[in-house]
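What's in query-v4.txt: compact mmCIF, C-alpha atoms and all ligand atoms
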# COMPACT_ATOMS: atom_id res chain seq x y z
CA MET A 1 15.18 14.59 9.10
CA ARG A 2 11.47 15.11 9.62
CA ARG A 3 11.75 18.72 8.58
CA SER A 4 13.53 17.81 5.41
CA ILE A 5 10.82 15.26 4.63
CA LEU A 6 8.16 17.93 5.13
CA ASN A 7 10.08 20.54 3.19
CA SER A 8 10.16 18.39 0.09
CA CYS A 9 6.57 17.31 0.45
CA LYS A 10 3.47 18.55 -1.32
CA ARG A 11 1.11 15.58 -1.59
CA ILE A 12 0.19 13.54 1.46
CA VAL A 13 -1.96 10.46 1.86
CA VAL A 14 -3.56 10.29 5.29
CA LYS A 15 -4.74 6.81 6.22
CA VAL A 16 -7.41 6.74 8.89
CA GLY A 17 -7.85 3.42 10.71
CA SER A 18 -11.23 1.92 11.56
CA HIS A 19 -10.67 2.29 15.26
CA VAL A 20 -9.83 5.94 14.94
CA VAL A 21 -13.25 6.81 13.49
CA THR A 22 -15.51 4.08 14.89
CA ALA A 23 -16.16 2.05 17.97
CA GLN A 24 -17.56 -1.46 17.86
CA LYS A 25 -20.61 -0.63 19.97
CA THR A 26 -21.38 2.94 19.02
CA GLY A 27 -20.42 2.92 15.36
CA LEU A 28 -19.16 6.10 13.70
CA ASN A 29 -17.38 8.61 15.88
CA VAL A 30 -18.51 11.87 14.31
CA HIS A 31 -16.31 13.92 16.65
CA ALA A 32 -13.22 12.04 15.56
CA ILE A 33 -14.14 12.65 11.92
CA LYS A 34 -14.63 16.37 12.64
CA ARG A 35 -11.23 16.51 14.30
CA ILE A 36 -9.58 14.81 11.33
CA ALA A 37 -11.37 17.17 8.94
CA LYS A 38 -10.06 20.13 10.93
CA ASN A 39 -6.50 18.78 10.81
CA VAL A 40 -6.74 18.08 7.10
CA LEU A 41 -8.02 21.60 6.45
CA GLU A 42 -5.12 23.03 8.45
CA ALA A 43 -2.73 20.97 6.36
CA LYS A 44 -4.39 22.24 3.21
CA GLU A 45 -3.99 25.80 4.51
CA LEU A 46 -0.27 25.08 4.80
CA GLY A 47 -0.25 24.25 1.11
CA TYR A 48 -0.37 20.45 1.21
CA GLU A 49 -2.58 18.40 -1.10
CA ILE A 50 -4.30 15.72 0.93
CA VAL A 51 -5.95 12.46 -0.02
CA ILE A 52 -7.71 10.59 2.79
CA VAL A 53 -7.93 6.81 2.83
CA SER A 54 -10.50 5.99 5.46
CA SER A 55 -11.67 2.70 6.92
CA GLY A 56 -14.76 2.39 9.03
CA ALA A 57 -17.45 1.27 6.57
CA ILE A 58 -17.80 -2.24 7.93
CA VAL A 59 -17.77 -1.34 11.63
CA SER A 60 -20.22 1.47 11.02
CA GLY A 61 -22.53 -0.79 8.96
CA ILE A 62 -22.46 -3.53 11.58
CA GLN A 63 -23.62 -1.06 14.18
CA LYS A 64 -26.29 0.49 11.97
CA LEU A 65 -27.72 -2.92 11.14
CA GLY A 66 -27.66 -3.99 14.75
CA LEU A 67 -25.41 -6.92 13.93
CA THR A 68 -23.57 -7.39 17.15
CA SER A 69 -21.74 -10.64 16.59
CA ARG A 70 -18.42 -10.82 14.80
CA LEU A 71 -19.20 -11.28 11.15
CA THR A 72 -17.58 -14.23 9.52
CA SER A 73 -19.31 -14.44 6.17
CA LEU A 74 -18.05 -12.25 3.39
CA PRO A 75 -21.51 -11.31 2.01
CA LEU A 76 -22.55 -10.06 5.45
CA LYS A 77 -19.40 -7.98 5.74
CA GLN A 78 -20.04 -6.64 2.25
CA ALA A 79 -23.62 -5.82 3.20
CA ALA A 80 -22.36 -4.01 6.30
CA ALA A 81 -19.85 -2.10 4.19
CA ALA A 82 -22.58 -1.11 1.71
CA VAL A 83 -24.60 0.40 4.53
CA GLY A 84 -21.65 1.81 6.43
CA GLN A 85 -19.85 3.46 3.52
CA GLY A 86 -22.80 5.81 2.98
CA HIS A 87 -22.73 6.88 6.59
CA LEU A 88 -18.97 7.21 6.60
CA ILE A 89 -18.83 9.47 3.56
CA ARG A 90 -21.79 11.49 4.82
CA ALA A 91 -19.97 12.13 8.10
CA TYR A 92 -16.87 13.32 6.23
CA ASP A 93 -18.93 15.41 3.85
CA HIS A 94 -20.71 17.03 6.75
CA ALA A 95 -17.49 17.66 8.66
CA PHE A 96 -15.88 19.38 5.68
CA GLU A 97 -19.00 21.13 4.42
CA THR A 98 -19.09 23.62 7.29
CA ALA A 99 -15.73 24.91 6.07
CA GLY A 100 -16.99 25.03 2.47
CA GLN A 101 -14.73 22.16 1.50
CA GLN A 102 -15.85 19.69 -1.18
CA VAL A 103 -15.02 16.02 -0.82
CA ALA A 104 -15.21 13.13 -3.27
CA GLN A 105 -15.78 9.45 -2.68
CA ILE A 106 -13.45 7.05 -4.46
CA LEU A 107 -13.91 3.31 -4.09
CA LEU A 108 -11.14 1.12 -5.45
CA THR A 109 -10.49 -2.55 -5.90
CA ASN A 110 -7.11 -4.18 -6.12
CA ASP A 111 -7.54 -5.03 -9.80
CA THR A 112 -7.82 -1.31 -10.55
CA MET A 113 -4.27 -1.03 -9.35
CA THR A 114 -2.78 -4.04 -11.10
CA ASP A 115 -4.17 -3.15 -14.51
CA ARG A 116 -1.97 -0.38 -15.84
CA GLU A 117 -4.74 1.25 -17.89
CA ARG A 118 -7.26 1.36 -15.05
CA PHE A 119 -4.50 2.51 -12.74
CA LEU A 120 -3.81 5.47 -15.01
CA ASN A 121 -7.53 6.27 -15.23
CA ALA A 122 -7.84 6.34 -11.45
CA ARG A 123 -4.74 8.49 -11.29
CA HIS A 124 -6.17 11.03 -13.71
CA THR A 125 -9.39 11.27 -11.72
CA VAL A 126 -7.67 11.81 -8.38
CA THR A 127 -5.26 14.31 -9.91
CA ALA A 128 -8.19 16.21 -11.44
CA LEU A 129 -9.94 16.31 -8.06
CA LEU A 130 -6.82 17.66 -6.38
CA LYS A 131 -6.50 20.32 -9.05
CA LEU A 132 -10.10 21.32 -8.32
CA GLY A 133 -9.22 21.66 -4.65
CA VAL A 134 -11.45 18.72 -3.69
CA ILE A 135 -10.38 16.27 -0.98
CA PRO A 136 -10.69 12.70 -2.25
CA ILE A 137 -11.77 10.16 0.37
CA VAL A 138 -10.82 6.66 -0.65
CA ASN A 139 -11.90 3.28 0.63
CA GLU A 140 -11.82 -0.21 -0.73
CA ASN A 141 -14.92 -1.07 -2.76
CA ASP A 142 -15.79 -3.73 -0.21
CA THR A 143 -19.15 -4.63 -1.74
CA VAL A 144 -17.54 -6.10 -4.84
CA SER A 145 -14.20 -7.12 -3.38
CA VAL A 146 -14.05 -10.85 -3.14
CA ASP A 147 -10.84 -12.51 -2.06
CA GLU A 148 -9.02 -12.57 -5.38
CA ILE A 149 -9.30 -8.83 -5.87
CA LYS A 150 -9.07 -7.68 -2.28
CA PHE A 151 -6.42 -5.34 -0.99
CA GLY A 152 -7.02 -7.07 2.29
CA ASP A 153 -6.47 -4.06 4.46
CA ASN A 154 -6.50 -0.32 4.11
CA ASP A 155 -2.80 0.08 4.95
CA THR A 156 -2.01 -1.67 1.69
CA LEU A 157 -4.66 0.38 -0.08
CA ALA A 158 -3.19 3.62 1.32
CA GLY A 159 0.26 2.61 0.08
CA MET A 160 -1.19 1.93 -3.36
CA VAL A 161 -2.94 5.28 -3.37
CA ALA A 162 0.26 7.09 -2.38
CA ASN A 163 1.92 5.36 -5.27
CA LEU A 164 -1.02 6.15 -7.55
CA ILE A 165 -0.81 9.88 -7.01
CA ASP A 166 2.95 10.20 -6.47
CA ALA A 167 2.53 11.34 -2.89
CA GLN A 168 5.65 12.35 -1.01
CA LEU A 169 4.43 11.18 2.39
CA LEU A 170 2.06 8.65 3.91
CA ILE A 171 0.70 9.39 7.37
CA ILE A 172 -1.02 6.47 9.08
CA LEU A 173 -3.41 7.47 11.84
CA SER A 174 -3.54 4.46 14.10
CA ASP A 175 -4.80 3.70 17.59
CA VAL A 176 -1.28 3.32 18.98
CA ASP A 177 1.54 5.87 19.26
CA GLY A 178 3.75 4.14 16.72
CA LEU A 179 5.99 1.09 16.58
CA PHE A 180 7.28 -0.05 19.97
CA SER A 181 10.30 -2.20 20.77
CA GLU A 182 7.88 -4.57 22.53
CA ASP A 183 4.17 -4.68 23.24
CA PRO A 184 3.73 -1.72 25.60
CA ARG A 185 0.73 -3.35 27.24
CA HIS A 186 2.83 -6.24 28.41
CA ASN A 187 6.06 -4.43 29.06
CA PRO A 188 5.78 -0.88 30.41
CA MET A 189 9.48 -0.41 29.65
CA ALA A 190 8.80 -0.85 25.92
CA LEU A 191 10.20 2.05 23.94
CA LEU A 192 8.67 3.85 21.01
CA ILE A 193 10.96 3.53 18.00
CA PRO A 194 11.08 7.09 16.62
CA THR A 195 12.92 6.32 13.38
CA VAL A 196 13.21 3.21 11.26
CA ARG A 197 15.99 3.62 8.71
CA LYS A 198 15.36 0.28 7.11
CA VAL A 199 12.68 -2.34 7.63
CA THR A 200 14.89 -5.25 8.60
CA ALA A 201 13.78 -8.77 9.55
CA GLU A 202 14.08 -7.66 13.17
CA ILE A 203 11.68 -4.75 12.65
CA GLU A 204 9.25 -7.08 10.90
CA LYS A 205 9.42 -9.43 13.85
CA ILE A 206 8.71 -6.61 16.29
CA ALA A 207 5.69 -5.63 14.17
CA THR A 208 4.29 -9.15 14.22
CA GLY A 209 4.43 -9.17 18.00
CA ALA A 210 3.03 -5.67 18.34
CA VAL A 211 -0.61 -5.54 19.19
CA SER A 212 -2.65 -2.70 17.96
CA ILE A 213 -6.21 -3.04 19.14
CA GLU A 214 -7.07 -2.09 15.63
CA GLY A 215 -8.77 -4.14 12.94
CA THR A 216 -7.64 -5.86 9.85
CA GLY A 217 -3.94 -5.52 9.39
CA GLY A 218 -2.54 -4.57 12.80
CA MET A 219 1.03 -3.36 12.92
CA THR A 220 2.27 -5.99 10.48
CA SER A 221 0.46 -4.54 7.49
CA LYS A 222 1.53 -1.02 8.50
CA VAL A 223 5.18 -2.00 8.59
CA GLU A 224 4.88 -4.00 5.39
CA THR A 225 3.30 -0.98 3.71
CA ALA A 226 6.02 1.30 5.10
CA LYS A 227 8.61 -1.10 3.71
CA ARG A 228 7.11 -0.99 0.24
CA MET A 229 6.84 2.76 0.47
CA ALA A 230 10.50 3.06 1.48
CA VAL A 231 11.51 1.00 -1.53
CA SER A 232 9.55 3.44 -3.68
CA GLY A 233 11.25 6.41 -2.04
CA ILE A 234 8.26 7.56 0.03
CA PRO A 235 8.47 8.06 3.82
CA THR A 236 5.72 6.81 6.14
CA ILE A 237 4.85 8.16 9.58
CA ILE A 238 2.67 6.16 11.98
CA ILE A 239 1.01 8.26 14.68
CA ASN A 240 -1.80 7.95 17.16
CA GLY A 241 -4.85 9.30 15.37
CA LYS A 242 -6.87 9.28 18.55
CA ARG A 243 -4.72 11.99 20.10
CA THR A 244 -5.86 15.51 19.42
CA GLY A 245 -3.18 17.47 17.64
CA SER A 246 -1.04 14.55 16.54
CA MET A 247 -1.35 15.40 12.88
CA SER A 248 -0.53 19.06 13.30
CA ASP A 249 2.42 18.02 15.48
CA VAL A 250 3.73 15.86 12.67
CA LEU A 251 3.34 18.67 10.17
CA ASP A 252 5.15 20.91 12.64
CA GLY A 253 8.10 18.54 12.41
CA LYS A 254 7.69 17.33 15.99
CA GLU A 255 9.24 13.98 16.84
CA ILE A 256 6.11 11.98 17.50
CA GLY A 257 5.20 8.52 16.25
CA THR A 258 7.48 6.37 14.13
CA VAL A 259 8.91 7.57 10.86
CA PHE A 260 10.08 5.06 8.25
CA LEU A 261 12.72 6.67 6.10
CA PRO A 262 12.68 6.17 2.35
CA GLN A 263 15.49 4.63 0.41
CA LYS A 264 17.22 7.26 -1.64
CA VAL A 265 16.39 6.16 -5.13
CA ARG A 266 13.16 7.27 -6.60
CA ARG A 267 12.06 4.99 -9.36
CA ALA A 268 10.57 5.58 -12.73
CA ASN A 269 6.77 5.53 -12.45
CA ARG A 270 6.44 2.18 -14.10
CA LYS A 271 8.80 0.50 -11.65
CA HIS A 272 7.12 2.27 -8.83
CA TRP A 273 3.88 0.68 -9.92
CA ILE A 274 5.39 -2.79 -10.24
CA ALA A 275 6.78 -2.57 -6.70
CA PHE A 276 3.29 -2.05 -5.38
CA ILE A 277 1.60 -4.96 -7.10
CA ARG A 278 0.93 -7.20 -4.19
CA ARG A 279 -0.79 -10.17 -5.68
CA THR A 280 1.54 -11.61 -8.26
CA LYS A 281 0.25 -14.27 -10.63
CA GLY A 282 3.10 -16.67 -10.04
CA LYS A 283 6.73 -17.04 -9.21
CA LEU A 284 9.98 -18.13 -10.73
CA THR A 285 12.81 -19.75 -8.84
CA LEU A 286 16.23 -18.57 -10.00
CA ASP A 287 19.54 -20.40 -9.80
CA SER A 288 22.35 -18.71 -7.90
CA GLY A 289 23.95 -17.34 -11.07
CA ALA A 290 20.74 -15.57 -12.04
CA VAL A 291 20.24 -14.26 -8.50
CA LYS A 292 23.70 -12.73 -8.66
CA ALA A 293 23.16 -11.32 -12.14
CA VAL A 294 19.91 -9.69 -11.06
CA LEU A 295 20.94 -8.48 -7.62
CA GLN A 296 24.56 -7.51 -8.15
CA ARG A 297 24.99 -6.87 -11.82
CA GLY A 298 21.71 -5.16 -12.69
CA LYS A 299 20.92 -7.67 -15.42
CA SER A 300 17.67 -8.86 -16.95
CA LEU A 301 16.45 -12.38 -16.24
CA LEU A 302 17.16 -14.91 -18.98
CA PRO A 303 15.55 -18.35 -19.39
CA ALA A 304 18.80 -20.10 -18.48
CA GLY A 305 18.58 -18.86 -14.89
CA VAL A 306 15.05 -20.14 -14.22
CA THR A 307 14.85 -23.47 -12.41
CA ALA A 308 11.17 -23.69 -11.48
CA ILE A 309 7.84 -22.05 -12.30
CA ASP A 310 4.83 -21.73 -10.01
CA GLY A 311 1.39 -20.50 -10.97
CA LYS A 312 -0.41 -19.87 -14.23
CA PHE A 313 0.32 -16.58 -15.89
CA ASP A 314 0.34 -14.84 -19.24
CA HIS A 315 2.76 -12.61 -21.04
CA GLY A 316 2.66 -9.22 -19.28
CA ASP A 317 1.58 -10.49 -15.86
CA ALA A 318 3.40 -9.49 -12.70
CA ILE A 319 5.30 -12.33 -11.09
CA GLY A 320 7.79 -12.71 -8.26
CA CYS A 321 11.34 -14.07 -8.45
CA VAL A 322 12.67 -16.09 -5.56
CA ASP A 323 16.03 -17.62 -4.75
CA LYS A 324 16.58 -21.30 -3.93
CA LYS A 325 15.41 -20.73 -0.37
CA GLY A 326 12.18 -19.07 -1.49
CA HIS A 327 13.13 -15.50 -0.51
CA GLU A 328 11.59 -12.98 -2.86
CA ILE A 329 14.36 -11.00 -4.52
CA ALA A 330 12.55 -9.26 -7.36
CA LYS A 331 9.23 -8.64 -9.00
CA GLY A 332 8.55 -7.96 -12.63
CA LEU A 333 6.41 -8.19 -15.73
CA VAL A 334 7.08 -11.45 -17.51
CA ASN A 335 7.60 -11.73 -21.26
CA TYR A 336 6.45 -15.34 -21.62
CA SER A 337 3.44 -17.27 -20.34
CA SER A 338 3.92 -19.95 -17.70
CA SER A 339 3.35 -22.73 -20.24
CA ASP A 340 5.93 -21.32 -22.66
CA LEU A 341 8.35 -20.72 -19.83
CA ALA A 342 8.05 -24.32 -18.73
CA LYS A 343 9.45 -25.24 -22.14
CA ILE A 344 12.34 -22.80 -22.21
CA LYS A 345 13.42 -22.71 -18.57
CA GLY A 346 17.07 -23.59 -18.14
CA ARG A 347 17.68 -23.12 -21.88
CA LYS A 348 19.95 -20.70 -23.64
CA THR A 349 18.41 -17.61 -25.23
CA GLY A 350 19.49 -18.91 -28.64
CA GLU A 351 17.27 -21.95 -28.17
CA ILE A 352 14.01 -20.06 -27.54
CA LYS A 353 12.98 -19.83 -31.19
CA GLN A 354 13.73 -23.47 -31.85
CA VAL A 355 11.73 -24.65 -28.81
CA LEU A 356 8.73 -22.32 -29.02
CA GLY A 357 8.65 -21.64 -32.73
CA TYR A 358 8.89 -17.90 -32.02
CA LYS A 359 11.04 -15.53 -30.04
CA ASP A 360 9.61 -12.13 -29.11
CA TYR A 361 12.13 -11.41 -26.40
CA ASP A 362 15.55 -12.56 -25.28
CA GLU A 363 14.70 -11.94 -21.64
CA VAL A 364 12.14 -13.62 -19.40
CA ILE A 365 11.90 -10.33 -17.49
CA HIS A 366 13.56 -7.26 -18.89
CA ARG A 367 15.45 -5.14 -16.42
CA ASP A 368 13.23 -2.14 -17.20
CA ASN A 369 10.22 -4.10 -16.01
CA MET A 370 11.85 -5.46 -12.88
CA VAL A 371 12.04 -4.18 -9.34
CA ILE A 372 14.46 -5.50 -6.74
CA MET A 373 12.64 -6.12 -3.48
N1 LIG A 401 -12.48 -1.25 4.01
C1 LIG A 401 -12.78 -1.63 5.37
C2 LIG A 401 -13.84 -0.70 5.96
O1 LIG A 401 -14.01 0.41 5.51
C3 LIG A 401 -11.58 -1.54 6.28
C4 LIG A 401 -10.38 -2.38 6.00
C5 LIG A 401 -9.24 -2.00 6.94
O2 LIG A 401 -9.45 -1.28 7.90
O3 LIG A 401 -8.12 -2.42 6.73
O4 LIG A 401 -14.48 -1.06 6.91
The structure in this file should be written as C-alpha cells.
Ligand code: GLU
Amino acid sequence: MRRSILNSCKRIVVKVGSHVVTAQKTGLNVHAIKRIAKNVLEAKELGYEIVIVSSGAIVSGIQKLGLTSRLTSLPLKQAAAAVGQGHLIRAYDHAFETAGQQVAQILLTNDTMTDRERFLNARHTVTALLKLGVIPIVNENDTVSVDEIKFGDNDTLAGMVANLIDAQLLIILSDVDGLFSEDPRHNPMALLIPTVRKVTAEIEKIATGAVSIEGTGGMTSKVETAKRMAVSGIPTIIINGKRTGSMSDVLDGKEIGTVFLPQKVRRANRKHWIAFIRRTKGKLTLDSGAVKAVLQRGKSLLPAGVTAIDGKFDHGDAIGCVDKKGHEIAKGLVNYSSSDLAKIKGRKTGEIKQVLGYKDYDEVIHRDNMVIM
C-alpha cells in the first residue's frame, strides 16, 4: 500500500511541528533543521517536489526575546512570531544554502485560502517556485492573523497547502511515532496503529485522548487534517520527526508511523477547495428528506428541505449543512444570502420568485458546489 502511494506521488507537503525544530528553553534547533533539509534534499534527488510547512516562529521568538512565561496575549504571541519567523527562515535558508538550494518564504492567512481568487494566486506562486526548483517554506502569517482569519494550527495549514498545490502526499513530522491505540506514556502496551483506512468516530476519540507533547493542535488536529485529506483523495503519514532517518524510511516504503489512506474518489479542484474551507460562514439544518436526497441520491439542496438557518452569510459564501441532530453532512457554496434564505426556507422552488421578487437559482446549494463530508 505504501509503495503504491509513493509510486503515484510527485508532490509532497512536509509539515514540521514546532517541537521538532525548537525547544521551549533553547529556541531553534539548528541541527534538527539541518537534518530536515538533508532529508528534503534526498527526497528532491529522488524526483519529488517538496513544499515545507514549518512551525516554530513563536517558540523561537519567545526564546529570542527572553520571554519565559507562557504567553497568553495574542499581540505578544504575534510579536514573538515576528521575531521568530526571521530566525526560522534564516536557519532553513542556511541549512539549504550549503547544498546550493534556494528556498522561499511564504506566509499565508486563512482568508487567502477561502477566497478563490487569492487561493489561485497563491497556487500560481507556489507552482512557479516549484518549477524553478525552489523549496517553498510556508508558515501562517501569525503577525496579522487574528482569530477570525486564523488557521489555528499548522496541521490545518499543511492540509490547505497540500490542497492548494495538488500534492499527492502529506507527511507530518511530529514528536511522537504516530497514532497509538492508547496514550503510550500511560499504557506501555499501547500499540502504534500503522494504517487507518477510515477516520471513524473511534479513531477521532483515540486522537483526542492521545497526548503529543507538541504545541497547538496535538493529535486531534493531525487526525482531523488527515480526515479532510482522505476525503480529498490525499494520503497522510504521521511520523516521528525527531528520529533521524524517519523521512527517508517513509520514502523507502518502510512501515513506520501511521498512514491514513485516501478515499478513492479524487474530486474536481473546485470541490477539493470547498472541502478544505474550515471556517464556514453559517449553517443550514436540513429535514430528513433533504438529507436523503443529498446523501443518497446525489441531489442539490432546494429551499424546501431547509428547516433552520444559522449565521449571517452572502450569496457565494461557504456554509455547512447539518441534519436534525447537528451532524455536518455537507459543505457548499450557497446561492442565497441568509436573509433571503430565511424568507424562502421550507418553500417550493416555484415560490422563490414570488417571495423574493427574483429567482437566480432553483437550488440553495447546487450539487456542483457541494461536498459531502
Ligand atoms: N505558526 C506557529 C509558529 O510558527 C505554529 C502553529 C502550530 O504549530 O500549529 O510558531
Chain A near ligand LIG 401 (chain A) within 10 Å: what's each residue's closest atom pair and its distance in Å to one decimal, counting all atoms listed in the file, ordered by chain then ascending residue number, as a Markdown table?
| residue | atom | partner | partner_atom | distance |
| --- | --- | --- | --- | --- |
| A:Lys15 | CA | A:LIG401 | O2 | 9.5 |
| A:Val16 | CA | A:LIG401 | O2 | 8.3 |
| A:Gly17 | CA | A:LIG401 | O2 | 5.7 |
| A:Ser18 | CA | A:LIG401 | O2 | 5.2 |
| A:His19 | CA | A:LIG401 | O2 | 8.3 |
| A:Thr22 | CA | A:LIG401 | O4 | 9.5 |
| A:Val53 | CA | A:LIG401 | O1 | 9.2 |
| A:Ser54 | CA | A:LIG401 | O1 | 6.6 |
| A:Ser55 | CA | A:LIG401 | O1 | 3.6 |
| A:Gly56 | CA | A:LIG401 | O4 | 4.1 |
| A:Ala57 | CA | A:LIG401 | O1 | 3.7 |
| A:Ile58 | CA | A:LIG401 | O4 | 3.7 |
| A:Val59 | CA | A:LIG401 | O4 | 5.8 |
| A:Ser60 | CA | A:LIG401 | O4 | 7.5 |
| A:Gly61 | CA | A:LIG401 | O4 | 8.3 |
| A:Ile62 | CA | A:LIG401 | O4 | 9.6 |
| A:Lys77 | CA | A:LIG401 | O4 | 8.6 |
| A:Gln78 | CA | A:LIG401 | O4 | 9.2 |
| A:Ala80 | CA | A:LIG401 | O4 | 8.4 |
| A:Ala81 | CA | A:LIG401 | O4 | 6.1 |
| A:Ala82 | CA | A:LIG401 | O1 | 9.5 |
| A:Gly84 | CA | A:LIG401 | O4 | 7.7 |
| A:Gln85 | CA | A:LIG401 | O1 | 6.9 |
| A:Leu88 | CA | A:LIG401 | O1 | 8.5 |
| A:Leu107 | CA | A:LIG401 | N1 | 9.4 |
| A:Leu108 | CA | A:LIG401 | N1 | 9.8 |
| A:Val138 | CA | A:LIG401 | N1 | 9.3 |
| A:Asn139 | CA | A:LIG401 | N1 | 5.7 |
| A:Glu140 | CA | A:LIG401 | N1 | 4.9 |
| A:Asn141 | CA | A:LIG401 | N1 | 7.2 |
| A:Asp142 | CA | A:LIG401 | N1 | 5.9 |
| A:Thr143 | CA | A:LIG401 | N1 | 9.4 |
| A:Ser145 | CA | A:LIG401 | N1 | 9.6 |
| A:Lys150 | CA | A:LIG401 | N1 | 9.6 |
| A:Phe151 | CA | A:LIG401 | O3 | 8.4 |
| A:Gly152 | CA | A:LIG401 | O3 | 6.5 |
| A:Asp153 | CA | A:LIG401 | O3 | 3.3 |
| A:Asn154 | CA | A:LIG401 | O3 | 3.7 |
| A:Asp155 | CA | A:LIG401 | O3 | 6.1 |
| A:Thr156 | CA | A:LIG401 | O3 | 8.0 |
| A:Leu157 | CA | A:LIG401 | O3 | 8.1 |
| A:Ala158 | CA | A:LIG401 | O3 | 9.5 |
| A:Glu214 | CA | A:LIG401 | O2 | 8.1 |
| A:Gly215 | CA | A:LIG401 | O2 | 5.8 |
| A:Thr216 | CA | A:LIG401 | O3 | 4.7 |
| A:Gly217 | CA | A:LIG401 | O3 | 5.8 |
| A:Gly218 | CA | A:LIG401 | O3 | 8.5 |
| A:Ser221 | CA | A:LIG401 | O3 | 8.9 |
| A:Lys222 | CA | A:LIG401 | O3 | 9.9 |
Worksheet entry | Closest of A:Arg185, A:Arg123, A:Arg347, A:Lys242 to Asp166 in chain A - atom-to-atom distances counting all atoms listed in the file |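 Nearest to Asp166 in chain A: A:Arg123.
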Given 3 Å of margin on each side, can you work out the centre and size in Å (one decimal) of an axis-aligned box holding every listed atom of range 294-310 of chain A, as lines of an AutoDock Vina configuration file?
center_x = 14.9
center_y = -14.4
center_z = -13.5
size_x = 26.2
size_y = 24.5
size_z = 17.8
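Near (4.7, -9.4, -7.9), the residues inside the 6 Å limit, counting all atoms listed in the file, come to Ile277, Arg278, Arg279, Thr280, Ala318, Ile319, Gly320 and Lys331 of chain A.
The gap separating CA of Gly257 in chain A from CA of Pro235 in chain A is 12.9 Å, in Å to one decimal.
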Worksheet entry | Nearest-residue call for Thr258 in chain A, choices A:Lys38, A:Lys345, A:Arg197, A:Arg367, using only C-alpha atoms |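 When distances to Thr258 in chain A are compared using only C-alpha atoms, the smallest one comes from A:Arg197.
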Contacts of Lys283 in chain A within 7 Å, all atoms listed in the file, excl. fewer than 2 positions in-chain, as an mmCIF file with C-alpha atoms, in the coordinates of the input:
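What follows is the written file selection_26.cif:
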data_model
loop_
_atom_site.group_PDB
_atom_site.id
_atom_site.type_symbol
_atom_site.label_atom_id
_atom_site.label_comp_id
_atom_site.auth_asym_id
_atom_site.auth_seq_id
_atom_site.Cartn_x
_atom_site.Cartn_y
_atom_site.Cartn_z
ATOM 1 C CA THR A 285 12.810 -19.750 -8.840
ATOM 2 C CA ILE A 309 7.840 -22.050 -12.300
ATOM 3 C CA ASP A 310 4.830 -21.730 -10.010
ATOM 4 C CA GLY A 311 1.390 -20.500 -10.970
ATOM 5 C CA ILE A 319 5.300 -12.330 -11.090
ATOM 6 C CA GLY A 320 7.790 -12.710 -8.260
ATOM 7 C CA CYS A 321 11.340 -14.070 -8.450
#
Discussion item. Around the point (10.2, 12.4, 16.8) (coordinates from the file), which residues reach within 12 Å if we count all atoms listed in the file? Answer as a list in words.
Written reply: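 Every polymer residue passing the test: Met1, Arg2, Arg3, Asp177, Gly178, Leu192, Ile193, Pro194, Thr195, Val196, Ile237, Ile238, Ile239, Ser246, Asp249, Val250, Leu251, Asp252, Gly253, Lys254, Glu255, Ile256, Gly257, Thr258, Val259 and Phe260 of chain A.
A straight line drawn from CA of Val30 in chain A to CA of Arg243 in chain A is 15.0 Å long.
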Worksheet item: In Å to one decimal, how far is CA of Val161 in chain A from CA of Val13 in chain A?
Response: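 Spanning CA of Val13 in chain A to CA of Val161 in chain A is a straight-line distance of 7.4 Å.
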Practice prompt. Write out as a list in words each polymer residue whose atoms come within 10 Å of Arg35 in chain A, counting all atoms listed in the file; drop sequence neighbours fewer than 6 positions from it.
Written response: Val21, Leu41, Ala95, Gly241, Lys242, Arg243, Thr244 and Gly245 of chain A
Selected residues written out, C-alpha atoms, as an mmCIF file, in the frame of the given file:
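The file below, selection10.cif, is the result:
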data_model
loop_
_atom_site.group_PDB
_atom_site.id
_atom_site.type_symbol
_atom_site.label_atom_id
_atom_site.label_comp_id
_atom_site.auth_asym_id
_atom_site.auth_seq_id
_atom_site.Cartn_x
_atom_site.Cartn_y
_atom_site.Cartn_z
ATOM 1 C CA VAL A 21 -13.250 6.810 13.490
ATOM 2 C CA LEU A 41 -8.020 21.600 6.450
ATOM 3 C CA ALA A 95 -17.490 17.660 8.660
ATOM 4 C CA GLY A 241 -4.850 9.300 15.370
ATOM 5 C CA LYS A 242 -6.870 9.280 18.550
ATOM 6 C CA ARG A 243 -4.720 11.990 20.100
ATOM 7 C CA THR A 244 -5.860 15.510 19.420
ATOM 8 C CA GLY A 245 -3.180 17.470 17.640
#
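Among the candidates A:Ile135, A:Leu164, A:Leu76, A:Met370, the residue lying nearest to Ala122 in chain A is A:Leu164 (atoms considered: all atoms listed in the file).
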Discussion item. For a quick check of understanding, using all atoms listed in the file, which of A:Lys227, A:Arg11, A:His87, A:His327 has the smallest distance to Val126 in chain A?
Written reply: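 Closest to Val126 in chain A of all the choices is A:Arg11.
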